[in-house]
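Before any comments, here is the structure.
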Amino acid sequence: MASSEEVFEKVQAALVDALGVEEDEVTPEATMVGDLGAESIDFLDIVFKLEKAFAINIPREELFPDDILTNAEYVKDGKVTDQGIAELKARLPWANLSRFESNPRVQDFGNLLTVNDLCRYVERKL
Amino acid sequence: MRWFWIDRFDKFVVGQEAVTVKNVTLGEEPLDDYLPGYPHYPHSLIIEGMAQTGGLLLAQIQEFQQRVVLAKVTKALFHRMVGPGDQLRLTARVLSLQDDGAIVQGSVEVDEQPQAEMELTFAFLDQSFSDKPFFIPGDLCRILRTLKLFAVGVHPDGTPIQIPQHMLDGEYELLTGEVT
């Protein structure tokens, strides 16, 4: 069982490699898109590198709940409904959704994931 | 305009691996113009050659109806220069294949010595990028025949690949002007 520190170090290495960022930029609080400049295609690479580094399988929907965010049942006027938030929490128990909950605009979801979220996700898979 | 930076497929295993050959000659413009007095083949074109090798390997999976683009050069490491008379051997291997893209590992050899290593990320375009194909099917068929892709292409079990019917139809249309 890897320690949280070991997980962070491996996640950090994967992000440095995939995004061409400096090690000190990859802090636990850094957001993947806003702070580290990840674009959608980078996630393909990040997921691949994490799968290799930790010998785990990462189904795409576990990290990217696109089906929830595009489901009319869970989205109203561009915002995720309470029911949708509950779905997101169930699907992404490792993600910190507290800030998103205060103004759950679908368009902001893409910039939600932090390095710490990713570490917590990986830890649950180990 | 032609934009081919590979000459021929030597090996093609569906969804797994492709090997192409590229002969470098002084007759090519990029060698003269890139660094006058020191003719060498630009590294960027070696990356493009690998993108073509890997891109066609990926496109074939969906019978060349998937629009594959090079999205990112994750890594490219060059060990030596390439000059007139050299022959590049480019090997592309699929490392990861997803619904929206793929990662390909590339290695290049000259005289059986490592010349370059790279990792490329490809994206598969969806309908939000229009629904127009990149190539006229008949044209692409002709190009792939020229590159000997169908001559060497096999499935992992060793059985030869077939030219997709939509490409044969396109080729027929190109040659005769008649739609099948």
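Going by the structure tokens order, chains are called A, B, ..., each with residues numbered from 1, while ligands are numbered from 1 in the order shown.
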Margin query: Could you go through chain A and tell me which residues DSSP, when run on the backbone, assigns to alpha helix (DSSP H), listing them as a PyMOL selection string?
Written below: chain A and resi 4-19+40-54+60-63+66-69+82-91+98-102+106-109+115-125
Next item on the list: Select residues of chain A: the criterion is any atom within 7 Å of an atom of chain B, counting only C-alpha atoms; output as a PyMOL selection string.
Entry: chain A and resi 18+41+48
Checklist line | Who sits within 8 Å of stretch 148-150 of chain B, only C-alpha atoms, same chain under 4 positions skipped, as a list of chain:residue names | finding: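 Here the answer would be B:Arg8, B:Phe9, B:Asp10, B:Lys11, B:Phe12, B:Leu144, B:Ile161, B:Gln162, B:Ile163.
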Check: Can you tell me, as a VMD selection string, what residues are no more than 12 Å from stretch 99-101 of chain A when counting only C-alpha atoms, ignoring any on the same chain fewer than 2 positions away?
Finding: chain A and resid 79 to 86 88 to 89 95 to 97 103 to 113
Emit the selected residues as an mmCIF file, in the first residue's frame, including N, CA and C atoms.
```cif
data_model
loop_
_atom_site.group_PDB
_atom_site.id
_atom_site.type_symbol
_atom_site.label_atom_id
_atom_site.label_comp_id
_atom_site.auth_asym_id
_atom_site.auth_seq_id
_atom_site.Cartn_x
_atom_site.Cartn_y
_atom_site.Cartn_z
ATOM 1 N N LYS A 79 -27.224 24.859 -14.866
ATOM 2 C CA LYS A 79 -26.726 24.527 -13.529
ATOM 3 C C LYS A 79 -27.127 23.107 -13.142
ATOM 4 N N VAL A 80 -26.243 22.476 -12.373
ATOM 5 C CA VAL A 80 -26.544 21.114 -11.923
ATOM 6 C C VAL A 80 -27.569 21.187 -10.789
ATOM 7 N N THR A 81 -28.591 20.384 -10.877
ATOM 8 C CA THR A 81 -29.657 20.380 -9.855
ATOM 9 C C THR A 81 -29.170 19.651 -8.597
ATOM 10 N N ASP A 82 -29.955 19.741 -7.534
ATOM 11 C CA ASP A 82 -29.599 19.051 -6.281
ATOM 12 C C ASP A 82 -29.447 17.554 -6.520
ATOM 13 N N GLN A 83 -30.369 17.055 -7.336
ATOM 14 C CA GLN A 83 -30.317 15.624 -7.657
ATOM 15 C C GLN A 83 -29.019 15.290 -8.410
ATOM 16 N N GLY A 84 -28.649 16.209 -9.312
ATOM 17 C CA GLY A 84 -27.411 16.042 -10.074
ATOM 18 C C GLY A 84 -26.198 16.088 -9.171
ATOM 19 N N ILE A 85 -26.212 16.994 -8.219
ATOM 20 C CA ILE A 85 -25.092 17.094 -7.261
ATOM 21 C C ILE A 85 -24.960 15.783 -6.485
ATOM 22 N N ALA A 86 -26.122 15.244 -6.089
ATOM 23 C CA ALA A 86 -26.097 13.975 -5.357
ATOM 24 C C ALA A 86 -25.485 12.870 -6.222
ATOM 25 N N LEU A 88 -23.332 13.328 -8.677
ATOM 26 C CA LEU A 88 -21.895 13.623 -8.807
ATOM 27 C C LEU A 88 -21.136 13.155 -7.562
ATOM 28 N N LYS A 89 -21.730 13.407 -6.397
ATOM 29 C CA LYS A 89 -21.067 13.007 -5.145
ATOM 30 C C LYS A 89 -20.922 11.493 -5.055
ATOM 31 N N ALA A 95 -13.800 13.644 -4.893
ATOM 32 C CA ALA A 95 -13.649 15.044 -5.318
ATOM 33 C C ALA A 95 -14.262 15.996 -4.285
ATOM 34 N N ASN A 96 -13.613 17.132 -4.131
ATOM 35 C CA ASN A 96 -14.144 18.146 -3.226
ATOM 36 C C ASN A 96 -15.090 19.048 -4.021
ATOM 37 N N LEU A 97 -16.382 18.838 -3.810
ATOM 38 C CA LEU A 97 -17.382 19.569 -4.600
ATOM 39 C C LEU A 97 -17.962 20.767 -3.851
ATOM 40 N N ASN A 103 -22.277 27.376 -6.496
ATOM 41 C CA ASN A 103 -22.748 27.904 -7.781
ATOM 42 C C ASN A 103 -22.452 26.862 -8.859
ATOM 43 N N PRO A 104 -23.298 25.839 -8.941
ATOM 44 C CA PRO A 104 -22.939 24.656 -9.756
ATOM 45 C C PRO A 104 -23.177 24.821 -11.258
ATOM 46 N N ARG A 105 -22.470 25.790 -11.839
ATOM 47 C CA ARG A 105 -22.605 25.979 -13.290
ATOM 48 C C ARG A 105 -21.848 24.862 -14.015
ATOM 49 N N VAL A 106 -22.534 24.237 -14.957
ATOM 50 C CA VAL A 106 -21.933 23.108 -15.683
ATOM 51 C C VAL A 106 -20.604 23.513 -16.318
ATOM 52 N N GLN A 107 -20.568 24.740 -16.849
ATOM 53 C CA GLN A 107 -19.356 25.170 -17.557
ATOM 54 C C GLN A 107 -18.141 25.278 -16.627
ATOM 55 N N ASP A 108 -18.381 25.385 -15.315
ATOM 56 C CA ASP A 108 -17.258 25.486 -14.376
ATOM 57 C C ASP A 108 -16.726 24.125 -13.939
ATOM 58 N N PHE A 109 -17.480 23.077 -14.254
ATOM 59 C CA PHE A 109 -17.096 21.761 -13.745
ATOM 60 C C PHE A 109 -15.716 21.337 -14.264
ATOM 61 N N GLY A 110 -15.463 21.686 -15.503
ATOM 62 C CA GLY A 110 -14.200 21.287 -16.121
ATOM 63 C C GLY A 110 -12.978 21.766 -15.379
ATOM 64 N N ASN A 111 -13.107 22.850 -14.632
ATOM 65 C CA ASN A 111 -11.950 23.383 -13.913
ATOM 66 C C ASN A 111 -11.998 23.056 -12.433
ATOM 67 N N LEU A 112 -12.691 21.999 -12.105
ATOM 68 C CA LEU A 112 -12.885 21.665 -10.704
ATOM 69 C C LEU A 112 -11.756 20.808 -10.140
ATOM 70 N N LEU A 113 -11.324 19.864 -10.953
ATOM 71 C CA LEU A 113 -10.369 18.868 -10.472
ATOM 72 C C LEU A 113 -9.048 19.478 -10.024
#
```
Notebook entry, point to check: Between B:Val108, B:Ala18, B:Val179, B:Ala151, which is the closest to B:Val82 once you count only C-alpha atoms?
Noted result: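 Ranked by minimum distance to B:Val82, first place goes to B:Val108.
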Check: In stretch 2-85 of chain A, what's strand (DSSP E) per DSSP? Answer as a list in words?
Finding: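 DSSP-assigned strand (DSSP E) residues in stretch 2-85 of chain A: Val75, Lys76, Lys79 and Val80 of chain A.
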Fewer than 2 positions away in the same chain doesn't count, so skip those; otherwise give me all residues within 12 Å of stretch 19-34 of chain B, counting only C-alpha atoms, as a tab-separated table (two decimals) with N, CA, C and O atoms, in the first residue's frame.
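Result file result.tsv:
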```
chain	number	residue	atom	x	y	z
B	3	TRP	N	2.24	15.80	-49.09
B	3	TRP	CA	2.83	16.03	-47.77
B	3	TRP	C	3.07	14.66	-47.15
B	3	TRP	O	2.52	14.31	-46.12
B	4	PHE	N	3.87	13.85	-47.86
B	4	PHE	CA	4.15	12.50	-47.35
B	4	PHE	C	5.59	12.44	-46.86
B	4	PHE	O	6.52	12.74	-47.64
B	5	TRP	N	5.76	12.05	-45.65
B	5	TRP	CA	7.13	11.95	-45.11
B	5	TRP	C	7.45	10.52	-44.74
B	5	TRP	O	8.27	10.25	-43.88
B	6	ILE	N	6.75	9.61	-45.45
B	6	ILE	CA	7.11	8.19	-45.41
B	6	ILE	C	7.01	7.70	-46.85
B	6	ILE	O	6.24	8.24	-47.65
B	7	ASP	N	7.81	6.67	-47.18
B	7	ASP	CA	7.80	6.18	-48.55
B	7	ASP	C	7.00	4.88	-48.71
B	7	ASP	O	6.44	4.62	-49.77
B	8	ARG	N	7.01	4.07	-47.63
B	8	ARG	CA	6.44	2.73	-47.81
B	8	ARG	C	6.21	2.08	-46.45
B	8	ARG	O	6.97	2.32	-45.50
B	9	PHE	N	5.16	1.28	-46.38
B	9	PHE	CA	4.95	0.46	-45.18
B	9	PHE	C	5.71	-0.86	-45.36
B	9	PHE	O	5.63	-1.48	-46.42
B	10	ASP	N	6.42	-1.27	-44.32
B	10	ASP	CA	7.10	-2.56	-44.33
B	10	ASP	C	6.35	-3.58	-43.50
B	10	ASP	O	6.48	-4.78	-43.69
B	11	LYS	N	5.61	-3.05	-42.52
B	11	LYS	CA	4.87	-3.93	-41.61
B	11	LYS	C	3.65	-3.17	-41.13
B	11	LYS	O	3.72	-1.96	-40.90
B	12	PHE	N	2.56	-3.88	-40.98
B	12	PHE	CA	1.33	-3.23	-40.49
B	12	PHE	C	0.48	-4.30	-39.82
B	12	PHE	O	-0.04	-5.20	-40.47
B	13	VAL	N	0.38	-4.23	-38.50
B	13	VAL	CA	-0.45	-5.18	-37.76
B	13	VAL	C	-1.59	-4.38	-37.14
B	13	VAL	O	-1.35	-3.48	-36.33
B	14	VAL	N	-2.79	-4.69	-37.54
B	14	VAL	CA	-3.98	-3.92	-37.17
B	14	VAL	C	-4.03	-3.60	-35.67
B	14	VAL	O	-3.95	-4.51	-34.83
B	16	GLN	N	-2.00	-2.49	-33.66
B	16	GLN	CA	-0.85	-2.75	-32.80
B	16	GLN	C	0.41	-2.01	-33.22
B	16	GLN	O	0.96	-1.21	-32.47
B	17	GLU	N	0.86	-2.29	-34.44
B	17	GLU	CA	2.19	-1.80	-34.82
B	17	GLU	C	2.29	-1.56	-36.32
B	17	GLU	O	1.72	-2.32	-37.12
B	36	PRO	N	21.50	25.76	-45.07
B	36	PRO	CA	22.36	25.72	-46.25
B	36	PRO	C	23.82	25.39	-45.90
B	36	PRO	O	24.37	25.93	-44.94
B	37	GLY	N	24.38	24.48	-46.66
B	37	GLY	CA	25.77	24.08	-46.41
B	37	GLY	C	25.87	22.88	-45.49
B	37	GLY	O	26.93	22.25	-45.41
B	38	TYR	N	24.84	22.58	-44.80
B	38	TYR	CA	24.85	21.42	-43.89
B	38	TYR	C	23.52	20.69	-44.06
B	38	TYR	O	22.63	20.78	-43.23
B	39	PRO	N	23.38	20.00	-45.20
B	39	PRO	CA	22.07	19.40	-45.48
B	39	PRO	C	21.72	18.28	-44.51
B	39	PRO	O	22.45	17.30	-44.40
B	40	HIS	N	20.67	18.48	-43.79
B	40	HIS	CA	20.15	17.38	-42.97
B	40	HIS	C	18.63	17.48	-42.93
B	40	HIS	O	18.04	18.52	-43.19
B	41	TYR	N	18.04	16.34	-42.63
B	41	TYR	CA	16.59	16.20	-42.69
B	41	TYR	C	16.00	16.73	-41.37
B	41	TYR	O	16.37	16.26	-40.28
B	42	PRO	N	15.09	17.73	-41.44
B	42	PRO	CA	14.58	18.35	-40.21
B	42	PRO	C	13.88	17.36	-39.28
B	42	PRO	O	13.11	16.52	-39.73
B	43	HIS	N	14.17	17.51	-38.00
B	43	HIS	CA	13.55	16.64	-37.01
B	43	HIS	C	12.01	16.75	-37.02
B	43	HIS	O	11.31	15.77	-36.77
B	44	SER	N	11.53	17.96	-37.31
B	44	SER	CA	10.08	18.15	-37.33
B	44	SER	C	9.42	17.24	-38.38
B	44	SER	O	8.30	16.76	-38.19
B	45	LEU	N	10.13	17.00	-39.49
B	45	LEU	CA	9.55	16.14	-40.53
B	45	LEU	C	9.64	14.67	-40.14
B	45	LEU	O	8.84	13.85	-40.62
B	46	ILE	N	10.60	14.35	-39.28
B	46	ILE	CA	10.66	12.97	-38.76
B	46	ILE	C	9.47	12.74	-37.85
B	46	ILE	O	8.82	11.68	-37.88
B	48	GLU	N	6.64	14.30	-38.15
B	48	GLU	CA	5.49	14.22	-39.05
B	48	GLU	C	5.40	12.83	-39.70
B	48	GLU	O	4.31	12.26	-39.86
B	49	GLY	N	6.54	12.27	-40.05
B	49	GLY	CA	6.56	10.91	-40.62
B	49	GLY	C	6.01	9.89	-39.63
B	49	GLY	O	5.27	8.98	-40.00
B	50	MET	N	6.37	10.08	-38.36
B	50	MET	CA	5.86	9.16	-37.33
B	50	MET	C	4.36	9.40	-37.14
B	50	MET	O	3.60	8.45	-36.91
B	51	ALA	N	3.96	10.67	-37.23
B	51	ALA	CA	2.52	10.98	-37.08
B	51	ALA	C	1.73	10.33	-38.22
B	51	ALA	O	0.61	9.86	-38.02
B	52	GLN	N	2.31	10.29	-39.41
B	52	GLN	CA	1.63	9.64	-40.54
B	52	GLN	C	1.59	8.13	-40.34
B	52	GLN	O	0.57	7.48	-40.59
B	53	THR	N	2.71	7.58	-39.88
B	53	THR	CA	2.76	6.13	-39.64
B	53	THR	C	1.74	5.73	-38.57
B	53	THR	O	0.93	4.82	-38.76
B	54	GLY	N	1.79	6.44	-37.43
B	54	GLY	CA	0.88	6.12	-36.32
B	54	GLY	C	-0.55	6.51	-36.64
B	54	GLY	O	-1.49	5.80	-36.27
B	56	LEU	N	-2.09	6.59	-39.54
B	56	LEU	CA	-2.72	5.63	-40.44
B	56	LEU	C	-2.99	4.31	-39.72
B	56	LEU	O	-3.99	3.64	-39.97
B	57	LEU	N	-2.08	3.95	-38.81
B	57	LEU	CA	-2.30	2.74	-37.99
B	57	LEU	C	-3.60	2.88	-37.21
B	57	LEU	O	-4.39	1.93	-37.12
B	81	MET	N	21.74	13.25	-36.25
B	81	MET	CA	21.20	13.91	-37.44
B	81	MET	C	21.00	12.88	-38.54
B	81	MET	O	21.61	11.81	-38.54
B	82	VAL	N	20.16	13.26	-39.48
B	82	VAL	CA	19.92	12.40	-40.65
B	82	VAL	C	20.27	13.20	-41.90
B	82	VAL	O	19.86	14.35	-42.04
B	83	GLY	N	21.05	12.60	-42.78
B	83	GLY	CA	21.47	13.32	-43.98
B	83	GLY	C	21.13	12.58	-45.26
B	83	GLY	O	20.53	11.50	-45.22
B	84	PRO	N	21.50	13.15	-46.40
B	84	PRO	CA	21.22	12.52	-47.70
B	84	PRO	C	21.80	11.11	-47.75
B	84	PRO	O	22.93	10.89	-47.30
B	85	GLY	N	21.01	10.17	-48.27
B	85	GLY	CA	21.48	8.79	-48.36
B	85	GLY	C	21.04	7.92	-47.20
B	85	GLY	O	21.09	6.69	-47.29
B	86	ASP	N	20.61	8.55	-46.11
B	86	ASP	CA	20.17	7.75	-44.96
B	86	ASP	C	18.77	7.18	-45.21
B	86	ASP	O	17.96	7.78	-45.92
B	87	GLN	N	18.52	6.04	-44.61
B	87	GLN	CA	17.18	5.48	-44.65
B	87	GLN	C	16.63	5.37	-43.22
B	87	GLN	O	17.27	4.78	-42.35
B	88	LEU	N	15.47	6.00	-43.01
B	88	LEU	CA	14.83	5.94	-41.70
B	88	LEU	C	13.88	4.75	-41.66
B	88	LEU	O	13.18	4.48	-42.64
B	89	ARG	N	13.88	4.09	-40.53
B	89	ARG	CA	12.91	3.02	-40.30
B	89	ARG	C	12.09	3.44	-39.08
B	89	ARG	O	12.62	3.56	-37.97
B	90	LEU	N	10.81	3.73	-39.34
B	90	LEU	CA	9.95	4.28	-38.28
B	90	LEU	C	8.99	3.22	-37.77
B	90	LEU	O	8.23	2.64	-38.57
B	91	THR	N	9.03	2.98	-36.48
B	91	THR	CA	8.13	2.00	-35.87
B	91	THR	C	7.16	2.71	-34.94
B	91	THR	O	7.59	3.43	-34.04
B	92	ALA	N	5.88	2.51	-35.18
B	92	ALA	CA	4.84	3.10	-34.31
B	92	ALA	C	4.09	1.98	-33.62
B	92	ALA	O	3.66	1.02	-34.27
B	93	ARG	N	3.96	2.09	-32.29
B	93	ARG	CA	3.21	1.08	-31.53
B	93	ARG	C	2.10	1.76	-30.74
B	93	ARG	O	2.33	2.79	-30.13
B	94	VAL	N	0.93	1.17	-30.76
B	94	VAL	CA	-0.19	1.74	-30.01
B	94	VAL	C	-0.03	1.38	-28.53
B	94	VAL	O	0.01	0.21	-28.17
B	105	GLN	N	3.67	5.12	-29.31
B	105	GLN	CA	5.10	5.22	-29.03
B	105	GLN	C	5.84	5.04	-30.36
B	105	GLN	O	5.54	4.11	-31.11
B	106	GLY	N	6.78	5.92	-30.63
B	106	GLY	CA	7.50	5.83	-31.88
B	106	GLY	C	8.99	5.67	-31.67
B	106	GLY	O	9.56	6.27	-30.74
B	107	SER	N	9.60	4.83	-32.50
B	107	SER	CA	11.06	4.76	-32.46
B	107	SER	C	11.57	4.77	-33.90
B	107	SER	O	10.93	4.21	-34.80
B	108	VAL	N	12.68	5.44	-34.10
B	108	VAL	CA	13.25	5.57	-35.45
B	108	VAL	C	14.67	5.02	-35.42
B	108	VAL	O	15.43	5.30	-34.49
B	109	GLU	N	14.98	4.24	-36.47
B	109	GLU	CA	16.34	3.71	-36.57
B	109	GLU	C	16.95	4.07	-37.91
B	109	GLU	O	16.24	4.16	-38.92
B	110	VAL	N	18.24	4.30	-37.91
B	110	VAL	CA	19.00	4.47	-39.14
B	110	VAL	C	20.19	3.51	-39.03
B	110	VAL	O	20.89	3.51	-38.01
B	111	ASP	N	20.38	2.68	-40.04
B	111	ASP	CA	21.45	1.67	-40.00
B	111	ASP	C	21.37	0.82	-38.73
B	111	ASP	O	22.40	0.55	-38.08
B	147	LEU	N	1.67	3.44	-50.85
B	147	LEU	CA	2.50	3.22	-49.67
B	147	LEU	C	2.60	1.72	-49.30
B	147	LEU	O	3.26	1.37	-48.32
B	148	LYS	N	1.94	0.87	-50.07
B	148	LYS	CA	1.97	-0.59	-49.87
B	148	LYS	C	1.31	-1.03	-48.56
B	148	LYS	O	1.61	-2.09	-48.03
B	149	LEU	N	0.46	-0.18	-48.02
B	149	LEU	CA	-0.17	-0.53	-46.74
B	149	LEU	C	-1.00	-1.80	-46.86
B	149	LEU	O	-0.90	-2.70	-46.02
B	152	VAL	N	1.07	-5.17	-47.17
B	152	VAL	CA	1.74	-5.80	-46.02
B	152	VAL	C	0.82	-5.94	-44.80
B	152	VAL	O	1.16	-6.61	-43.83
B	153	GLY	N	-0.34	-5.27	-44.84
B	153	GLY	CA	-1.22	-5.22	-43.66
B	153	GLY	C	-1.82	-6.56	-43.29
B	153	GLY	O	-2.37	-7.26	-44.15
```
Notebook entry, point to check: Could you pull the residues within 9 Å of A:Leu63, counting only C-alpha atoms, minus those fewer than 3 positions along the same chain, as a list in words?
Noted result: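 Counting only the stated atoms, we get Ile58, Pro59, Arg60, Arg91, Leu92, Leu118 and Tyr121 of chain A.
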Next item on the list: Find the distance between atom CA of A:Phe64 and atom CA of A:Asn116 and write it in Å to one decimal.
Entry: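 Atom CA of A:Asn116 lies 15.8 Å from atom CA of A:Phe64.
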Next item on the list: Give me the residues within 12 Å of B:Tyr172 as a list in words, counting only C-alpha atoms and dropping any in the same chain fewer than 6 places off.
Entry: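 Counting only the stated atoms, we get Pro137, Gly138, Asp139, Cys141, Arg142, Gln165, His166, Glu178, Val179 and Thr180 of chain B.
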Write the residues you've just listed into a file as a PDB file, in the first residue's frame, and include N, CA, C and O atoms for each of them.
```pdb
ATOM      1  N   PRO B 137     -12.167   9.638 -50.419  1.00  0.00           N
ATOM      2  CA  PRO B 137     -11.872   8.209 -50.222  1.00  0.00           C
ATOM      3  C   PRO B 137     -11.050   7.580 -51.357  1.00  0.00           C
ATOM      4  O   PRO B 137     -10.132   6.798 -51.099  1.00  0.00           O
ATOM      5  N   GLY B 138     -11.363   7.938 -52.595  1.00  0.00           N
ATOM      6  CA  GLY B 138     -10.619   7.363 -53.725  1.00  0.00           C
ATOM      7  C   GLY B 138      -9.158   7.791 -53.715  1.00  0.00           C
ATOM      8  O   GLY B 138      -8.256   6.993 -54.002  1.00  0.00           O
ATOM      9  N   ASP B 139      -8.914   9.044 -53.356  1.00  0.00           N
ATOM     10  CA  ASP B 139      -7.544   9.566 -53.253  1.00  0.00           C
ATOM     11  C   ASP B 139      -6.759   8.829 -52.187  1.00  0.00           C
ATOM     12  O   ASP B 139      -5.624   8.420 -52.392  1.00  0.00           O
ATOM     13  N   CYS B 141      -7.329   5.950 -50.947  1.00  0.00           N
ATOM     14  CA  CYS B 141      -7.104   4.562 -51.347  1.00  0.00           C
ATOM     15  C   CYS B 141      -5.865   4.470 -52.241  1.00  0.00           C
ATOM     16  O   CYS B 141      -5.014   3.600 -52.071  1.00  0.00           O
ATOM     17  N   ARG B 142      -5.768   5.410 -53.153  1.00  0.00           N
ATOM     18  CA  ARG B 142      -4.632   5.428 -54.074  1.00  0.00           C
ATOM     19  C   ARG B 142      -3.320   5.653 -53.320  1.00  0.00           C
ATOM     20  O   ARG B 142      -2.313   4.995 -53.565  1.00  0.00           O
ATOM     21  N   GLN B 165     -14.678  -1.474 -48.456  1.00  0.00           N
ATOM     22  CA  GLN B 165     -15.525  -1.325 -49.645  1.00  0.00           C
ATOM     23  C   GLN B 165     -15.757   0.141 -50.006  1.00  0.00           C
ATOM     24  O   GLN B 165     -15.760   0.511 -51.184  1.00  0.00           O
ATOM     25  N   HIS B 166     -15.912   0.996 -48.991  1.00  0.00           N
ATOM     26  CA  HIS B 166     -16.199   2.407 -49.306  1.00  0.00           C
ATOM     27  C   HIS B 166     -15.012   3.054 -50.032  1.00  0.00           C
ATOM     28  O   HIS B 166     -15.189   3.967 -50.835  1.00  0.00           O
ATOM     29  N   GLU B 178     -18.061   7.322 -62.366  1.00  0.00           N
ATOM     30  CA  GLU B 178     -19.379   6.721 -62.086  1.00  0.00           C
ATOM     31  C   GLU B 178     -19.483   6.330 -60.623  1.00  0.00           C
ATOM     32  O   GLU B 178     -18.545   5.812 -60.046  1.00  0.00           O
ATOM     33  N   VAL B 179     -20.651   6.587 -60.071  1.00  0.00           N
ATOM     34  CA  VAL B 179     -20.893   6.178 -58.697  1.00  0.00           C
ATOM     35  C   VAL B 179     -21.424   4.751 -58.697  1.00  0.00           C
ATOM     36  O   VAL B 179     -22.302   4.418 -59.471  1.00  0.00           O
ATOM     37  N   THR B 180     -20.831   3.910 -57.823  1.00  0.00           N
ATOM     38  CA  THR B 180     -21.290   2.503 -57.796  1.00  0.00           C
ATOM     39  C   THR B 180     -22.594   2.390 -57.022  1.00  0.00           C
ATOM     40  O   THR B 180     -22.863   3.144 -56.138  1.00  0.00           O
TER      41      THR B 180
END
```
